[in-house]
file coords-v3.txt (compact mmCIF, C-alpha atoms)
# COMPACT_ATOMS: atom_id res chain seq x y z
CA MET A 1 107.01 128.67 47.03
CA ASN A 2 107.24 130.15 50.45
CA LYS A 3 104.22 132.23 49.71
CA LEU A 4 102.28 129.18 48.64
CA TRP A 5 102.92 127.55 51.98
CA LEU A 6 101.47 130.59 53.66
CA ILE A 7 98.45 130.91 51.43
CA VAL A 8 97.24 127.29 51.75
CA PRO A 9 96.95 127.28 55.58
CA LEU A 10 95.37 130.74 55.58
CA THR A 11 92.79 129.60 53.04
CA LEU A 12 91.93 126.54 55.09
CA LEU A 13 91.65 128.69 58.19
CA LEU A 14 89.31 131.11 56.48
CA LEU A 15 87.13 128.26 55.17
CA GLY A 16 86.47 127.13 58.75
CA CYS A 17 85.21 130.59 59.73
CA GLN A 18 82.17 130.60 57.45
CA ALA A 19 78.99 132.13 58.83
CA ASN A 20 76.03 129.86 59.71
CA ASP A 21 73.57 129.88 56.85
CA ASP A 22 70.49 129.16 59.04
CA PRO A 23 68.61 132.27 60.07
CA VAL A 24 68.25 133.00 63.79
CA GLN A 25 64.44 132.65 63.71
CA VAL A 26 64.68 129.04 62.50
CA PHE A 27 67.08 128.23 65.34
CA ILE A 28 64.75 129.75 67.98
CA ALA A 29 61.74 127.84 66.60
CA GLN A 30 63.70 124.62 66.66
CA ALA A 31 64.80 125.25 70.28
CA TYR A 32 61.18 125.79 71.40
CA THR A 33 59.98 122.56 69.79
CA GLU A 34 62.78 120.50 71.28
CA ALA A 35 62.42 121.97 74.79
CA LYS A 36 58.64 121.55 75.03
CA ALA A 37 57.59 119.49 78.08
CA ASN A 38 54.41 117.44 78.28
CA VAL A 39 52.57 118.90 81.28
CA GLU A 40 49.09 117.76 82.27
CA PRO A 41 46.62 120.56 82.87
CA LEU A 42 45.67 121.36 86.47
CA PRO A 43 42.38 119.96 87.77
CA GLU A 44 39.47 122.29 88.20
CA PRO A 45 39.55 124.03 91.61
CA PHE A 46 37.12 122.82 94.29
CA VAL A 47 34.28 125.24 94.79
CA PHE A 48 32.89 125.21 98.34
CA VAL A 49 29.15 125.61 98.56
CA ALA A 50 27.98 126.47 102.08
CA ASP A 51 24.73 124.98 103.32
CA GLU A 52 22.18 127.38 104.60
CA PHE A 53 21.72 127.33 108.40
CA VAL A 54 18.23 126.35 109.44
CA MET A 55 17.45 126.87 113.12
CA THR A 56 15.74 123.73 114.41
CA SER A 57 15.20 124.87 118.00
CA HIS A 58 14.70 128.21 119.65
CA ARG A 59 17.57 127.75 122.09
CA VAL A 60 20.27 130.40 121.86
CA PRO A 61 23.66 128.63 121.54
CA PHE A 62 25.50 131.22 123.64
CA VAL A 63 23.33 130.86 126.77
CA HIS A 64 23.47 127.94 129.19
CA PRO A 65 20.41 125.72 128.90
CA ARG A 66 17.85 125.80 131.68
CA PRO A 67 18.21 123.00 134.20
CA GLU A 68 15.59 120.33 133.88
CA GLN A 69 12.56 120.96 135.99
CA GLN A 70 12.36 118.23 138.60
CA ASP A 71 9.58 117.43 140.95
CA ARG A 72 10.30 118.73 144.41
CA GLU A 73 9.42 115.30 145.72
CA GLU A 74 12.40 113.73 143.91
CA GLY A 75 14.90 116.15 145.48
CA SER A 76 13.55 115.62 148.95
CA ASN A 77 13.52 111.83 148.77
CA LYS A 78 14.23 110.67 152.30
CA ASP A 79 14.99 107.10 151.25
CA CYS A 80 18.30 107.96 149.60
CA TRP A 81 21.56 108.45 151.47
CA GLN A 82 22.83 112.02 152.06
CA PRO A 83 26.34 113.03 153.20
CA ASP A 84 26.88 115.24 156.22
CA LEU A 85 27.23 118.62 154.53
CA GLN A 86 27.24 120.49 157.87
CA ARG A 87 30.60 119.15 159.09
CA THR A 88 33.68 121.36 158.89
CA ARG A 89 35.88 120.64 155.90
CA THR A 90 39.57 119.80 156.30
CA SER A 91 42.41 121.41 154.35
CA LEU A 92 42.85 118.25 152.24
CA GLU A 93 39.31 118.63 150.90
CA ASN A 94 40.41 121.65 148.86
CA TYR A 95 42.39 119.47 146.41
CA PRO A 96 41.27 116.84 143.91
CA LEU A 97 42.48 113.31 144.66
CA GLY A 98 44.61 113.34 141.51
CA LYS A 99 46.76 116.16 142.94
CA LEU A 100 47.38 114.44 146.30
CA THR A 101 50.13 111.84 146.65
CA MET A 102 50.78 109.29 149.38
CA LYS A 103 54.42 109.47 150.50
CA GLY A 104 54.52 107.02 153.42
CA VAL A 105 52.97 105.64 156.61
CA LEU A 106 53.60 106.05 160.35
CA GLY A 107 52.58 103.87 163.29
CA ASP A 108 52.14 100.19 163.97
CA ASP A 109 49.68 97.61 162.65
CA SER A 110 46.95 98.65 165.10
CA LEU A 111 46.92 102.33 164.04
CA LEU A 112 48.51 103.50 160.79
CA TRP A 113 48.76 107.16 159.76
CA ALA A 114 49.24 107.95 156.05
CA LEU A 115 51.48 110.83 154.96
CA ILE A 116 49.84 112.88 152.20
CA TYR A 117 51.78 115.41 150.11
CA THR A 118 49.72 118.40 148.86
CA PRO A 119 50.35 120.42 145.67
CA GLU A 120 51.52 123.31 147.88
CA GLY A 121 54.32 121.16 149.29
CA LYS A 122 52.81 120.43 152.72
CA LEU A 123 52.98 116.99 154.31
CA VAL A 124 49.78 116.07 156.20
CA LYS A 125 49.09 112.90 158.19
CA ILE A 126 45.65 111.25 158.08
CA ARG A 127 44.05 108.03 159.36
CA GLU A 128 40.79 106.13 159.02
CA GLY A 129 37.75 108.38 159.29
CA HIS A 130 39.47 111.51 157.95
CA TYR A 131 38.26 113.24 154.78
CA LEU A 132 40.18 114.31 151.68
CA GLY A 133 39.46 115.23 148.05
CA LEU A 134 36.78 117.42 146.52
CA ASN A 135 34.06 114.73 146.54
CA HIS A 136 33.70 114.10 150.29
CA GLY A 137 36.28 111.30 150.20
CA LYS A 138 36.36 109.42 153.52
CA VAL A 139 39.37 107.25 154.41
CA GLN A 140 38.12 103.69 154.95
CA ARG A 141 41.43 101.88 155.47
CA VAL A 142 45.14 102.74 155.64
CA SER A 143 47.63 100.03 154.72
CA SER A 144 51.40 100.09 154.33
CA HIS A 145 51.16 100.68 150.58
CA SER A 146 47.78 102.37 149.91
CA ILE A 147 44.75 104.24 151.25
CA GLU A 148 41.22 103.07 150.47
CA ILE A 149 38.86 106.03 150.08
CA GLU A 150 35.11 106.17 149.57
CA GLU A 151 34.09 109.22 147.51
CA THR A 152 30.55 110.57 147.50
CA LEU A 153 29.13 111.94 144.24
CA PRO A 154 25.72 113.50 143.52
CA ASP A 155 23.54 111.51 141.13
CA GLY A 156 21.65 114.54 139.77
CA VAL A 157 18.25 113.86 141.35
CA GLY A 158 19.08 114.74 144.95
CA CYS A 159 20.68 111.49 146.08
CA TRP A 160 24.35 110.57 146.45
CA LEU A 161 26.39 107.64 145.19
CA LYS A 162 29.47 106.11 146.84
CA ARG A 163 32.51 105.28 144.74
CA PRO A 164 35.60 103.43 146.04
CA MET A 165 39.00 104.94 145.21
CA LYS A 166 42.56 104.00 146.07
CA LEU A 167 45.58 106.24 146.64
CA THR A 168 48.81 104.25 146.38
CA LEU A 169 52.25 104.92 147.79
CA THR A 170 54.60 106.78 145.42
CA GLN A 171 58.35 106.95 145.82
CA PRO A 172 60.44 109.84 144.44
call {"tool": "encode", "arguments": {"input": "coords-v3.txt", "output": "structure tokens"}}
result
Amino acid sequence: MNKLWLIVPLTLLLLGCQANDDPVQVFIAQAYTEAKANVEPLPEPFVFVADEFVMTSHRVPFVHPRPEQQDREEGSNKDCWQPDLQRTRTSLENYPLGKLTMKGVLGDDSLLWALIYTPEGKLVKIREGHYLGLNHGKVQRVSSHSIEIEETLPDGVGCWLKRPMKLTLTQP
């Protein structure tokens, strides 16, 4: 009877260790069908088609264009205003107005001097009638908070145009 008690559990144990009857190839085929994802195909790649270059003018793009031919009479028009190009330029005329800053004023109400700070770190005082900026800027009026400047710009046909500008006081 003791042997019977040993044989029954061993038999049950051996029954649980049976080999799988399905062949390996069937298992692999089943795994592929179950794992298949639905992926949309990629769109067709864009094919760039370059247009052919057709030269419409005979101007070479790497050479500056010729200046327009103007009548000599237009350039020597005596009716239009001309700045005094013979006067000696001041040191403040070497800087554009955007690089100059007004830092303060000196004097009383009858005569005010403006303090101008240059990009090089120099402090220069100017008053009405002095020039500054690259475009022949003449100081018209100095007040306690700004400088009114009249710039002179060429119009392209030999004459000059006046443009008012203002330089305001800036505090650090």
call {"tool": "residues_around", "arguments": {"input": "coords-v3.txt", "residues": "stretch 165-168 of chain A", "least_positions_apart": "2", "cutoff": "10 Å", "atoms": "all atoms listed in the file", "output": "list in words"}}
result
Leu97, Gly98, Leu100, Thr101, Met102, Lys103, Gly104, Ile116, Gly137, Lys138, Val139, Gln140, Arg141, Val142, Ser143, Ser144, His145, Ser146, Ile147, Glu148, Ile149, Glu150, Glu151, Lys162, Arg163, Thr170 and Gln171 of chain A
call {"tool": "write_last_selection", "arguments": {"input": "coords-v3.txt", "atoms": "C-alpha atoms", "output": "PDB file, in the frame of the given file"}}
result
ATOM      1  CA  LEU A  97      42.480 113.310 144.660  1.00  0.00           C
ATOM      2  CA  GLY A  98      44.610 113.340 141.510  1.00  0.00           C
ATOM      3  CA  LEU A 100      47.380 114.440 146.300  1.00  0.00           C
ATOM      4  CA  THR A 101      50.130 111.840 146.650  1.00  0.00           C
ATOM      5  CA  MET A 102      50.780 109.290 149.380  1.00  0.00           C
ATOM      6  CA  LYS A 103      54.420 109.470 150.500  1.00  0.00           C
ATOM      7  CA  GLY A 104      54.520 107.020 153.420  1.00  0.00           C
ATOM      8  CA  ILE A 116      49.840 112.880 152.200  1.00  0.00           C
ATOM      9  CA  GLY A 137      36.280 111.300 150.200  1.00  0.00           C
ATOM     10  CA  LYS A 138      36.360 109.420 153.520  1.00  0.00           C
ATOM     11  CA  VAL A 139      39.370 107.250 154.410  1.00  0.00           C
ATOM     12  CA  GLN A 140      38.120 103.690 154.950  1.00  0.00           C
ATOM     13  CA  ARG A 141      41.430 101.880 155.470  1.00  0.00           C
ATOM     14  CA  VAL A 142      45.140 102.740 155.640  1.00  0.00           C
ATOM     15  CA  SER A 143      47.630 100.030 154.720  1.00  0.00           C
ATOM     16  CA  SER A 144      51.400 100.090 154.330  1.00  0.00           C
ATOM     17  CA  HIS A 145      51.160 100.680 150.580  1.00  0.00           C
ATOM     18  CA  SER A 146      47.780 102.370 149.910  1.00  0.00           C
ATOM     19  CA  ILE A 147      44.750 104.240 151.250  1.00  0.00           C
ATOM     20  CA  GLU A 148      41.220 103.070 150.470  1.00  0.00           C
ATOM     21  CA  ILE A 149      38.860 106.030 150.080  1.00  0.00           C
ATOM     22  CA  GLU A 150      35.110 106.170 149.570  1.00  0.00           C
ATOM     23  CA  GLU A 151      34.090 109.220 147.510  1.00  0.00           C
ATOM     24  CA  LYS A 162      29.470 106.110 146.840  1.00  0.00           C
ATOM     25  CA  ARG A 163      32.510 105.280 144.740  1.00  0.00           C
ATOM     26  CA  THR A 170      54.600 106.780 145.420  1.00  0.00           C
ATOM     27  CA  GLN A 171      58.350 106.950 145.820  1.00  0.00           C
TER      28      GLN A 171
END
call {"tool": "atom_distance", "arguments": {"input": "coords-v3.txt", "atom1": "atom CA of A:Cys159", "atom2": "atom CA of A:Leu92"}}
result
24.0 Å
call {"tool": "atom_distance", "arguments": {"input": "coords-v3.txt", "atom1": "atom CA of A:Arg89", "atom2": "atom CA of A:Asp108"}}
result
27.3 Å
call {"tool": "atom_distance", "arguments": {"input": "coords-v3.txt", "atom1": "atom CA of A:Ser91", "atom2": "atom CA of A:Leu106"}}
result
19.9 Å
call {"tool": "residues_near_point", "arguments": {"input": "coords-v3.txt", "point": "(24.8, 118.3, 151.7)", "cutoff": "12 Å", "atoms": "all atoms listed in the file", "output": "ChimeraX atom specification"}}
result
/A:75-76,81-88,135-136,152-154,158-160
call {"tool": "build_atoms", "arguments": {"input": "coords-v3.txt", "residues": "stretch 80-97 of chain A", "atoms": "N, CA and C atoms", "output": "short mmCIF file (atom, residue, chain, number, x, y, z; two decimals), in the coordinates of the input"}}
result
data_model
loop_
_atom_site.label_atom_id
_atom_site.label_comp_id
_atom_site.auth_asym_id
_atom_site.auth_seq_id
_atom_site.Cartn_x
_atom_site.Cartn_y
_atom_site.Cartn_z
N CYS A 80 16.93 108.04 150.12
CA CYS A 80 18.30 107.96 149.60
C CYS A 80 19.29 108.54 150.62
N TRP A 81 20.51 108.05 150.53
CA TRP A 81 21.56 108.45 151.47
C TRP A 81 22.06 109.86 151.16
N GLN A 82 22.32 110.65 152.20
CA GLN A 82 22.83 112.02 152.06
C GLN A 82 24.10 112.15 152.90
N PRO A 83 25.14 112.82 152.38
CA PRO A 83 26.34 113.03 153.20
C PRO A 83 26.10 114.13 154.22
N ASP A 84 26.97 114.19 155.20
CA ASP A 84 26.88 115.24 156.22
C ASP A 84 27.53 116.50 155.65
N LEU A 85 26.71 117.40 155.13
CA LEU A 85 27.23 118.62 154.53
C LEU A 85 27.47 119.71 155.57
N GLN A 86 27.08 119.49 156.82
CA GLN A 86 27.24 120.49 157.87
C GLN A 86 28.59 120.39 158.57
N ARG A 87 29.32 119.31 158.39
CA ARG A 87 30.60 119.15 159.09
C ARG A 87 31.63 120.13 158.52
N THR A 88 32.62 120.44 159.34
CA THR A 88 33.68 121.36 158.89
C THR A 88 34.63 120.61 157.97
N ARG A 89 35.00 121.25 156.89
CA ARG A 89 35.88 120.64 155.90
C ARG A 89 37.33 120.77 156.33
N THR A 90 38.14 119.78 155.98
CA THR A 90 39.57 119.80 156.30
C THR A 90 40.33 120.46 155.15
N SER A 91 41.61 120.75 155.39
CA SER A 91 42.41 121.41 154.35
C SER A 91 42.65 120.49 153.15
N LEU A 92 42.64 119.18 153.35
CA LEU A 92 42.85 118.25 152.24
C LEU A 92 41.64 118.14 151.32
N GLU A 93 40.50 118.67 151.74
CA GLU A 93 39.31 118.63 150.90
C GLU A 93 39.27 119.77 149.89
N ASN A 94 40.32 120.57 149.84
CA ASN A 94 40.41 121.65 148.86
C ASN A 94 41.13 121.20 147.59
N TYR A 95 41.63 119.97 147.55
CA TYR A 95 42.39 119.47 146.41
C TYR A 95 41.71 118.24 145.82
N PRO A 96 41.76 118.09 144.50
CA PRO A 96 41.27 116.84 143.91
C PRO A 96 42.20 115.68 144.26
N LEU A 97 41.67 114.48 144.28
CA LEU A 97 42.48 113.31 144.66
C LEU A 97 43.66 113.11 143.71
#
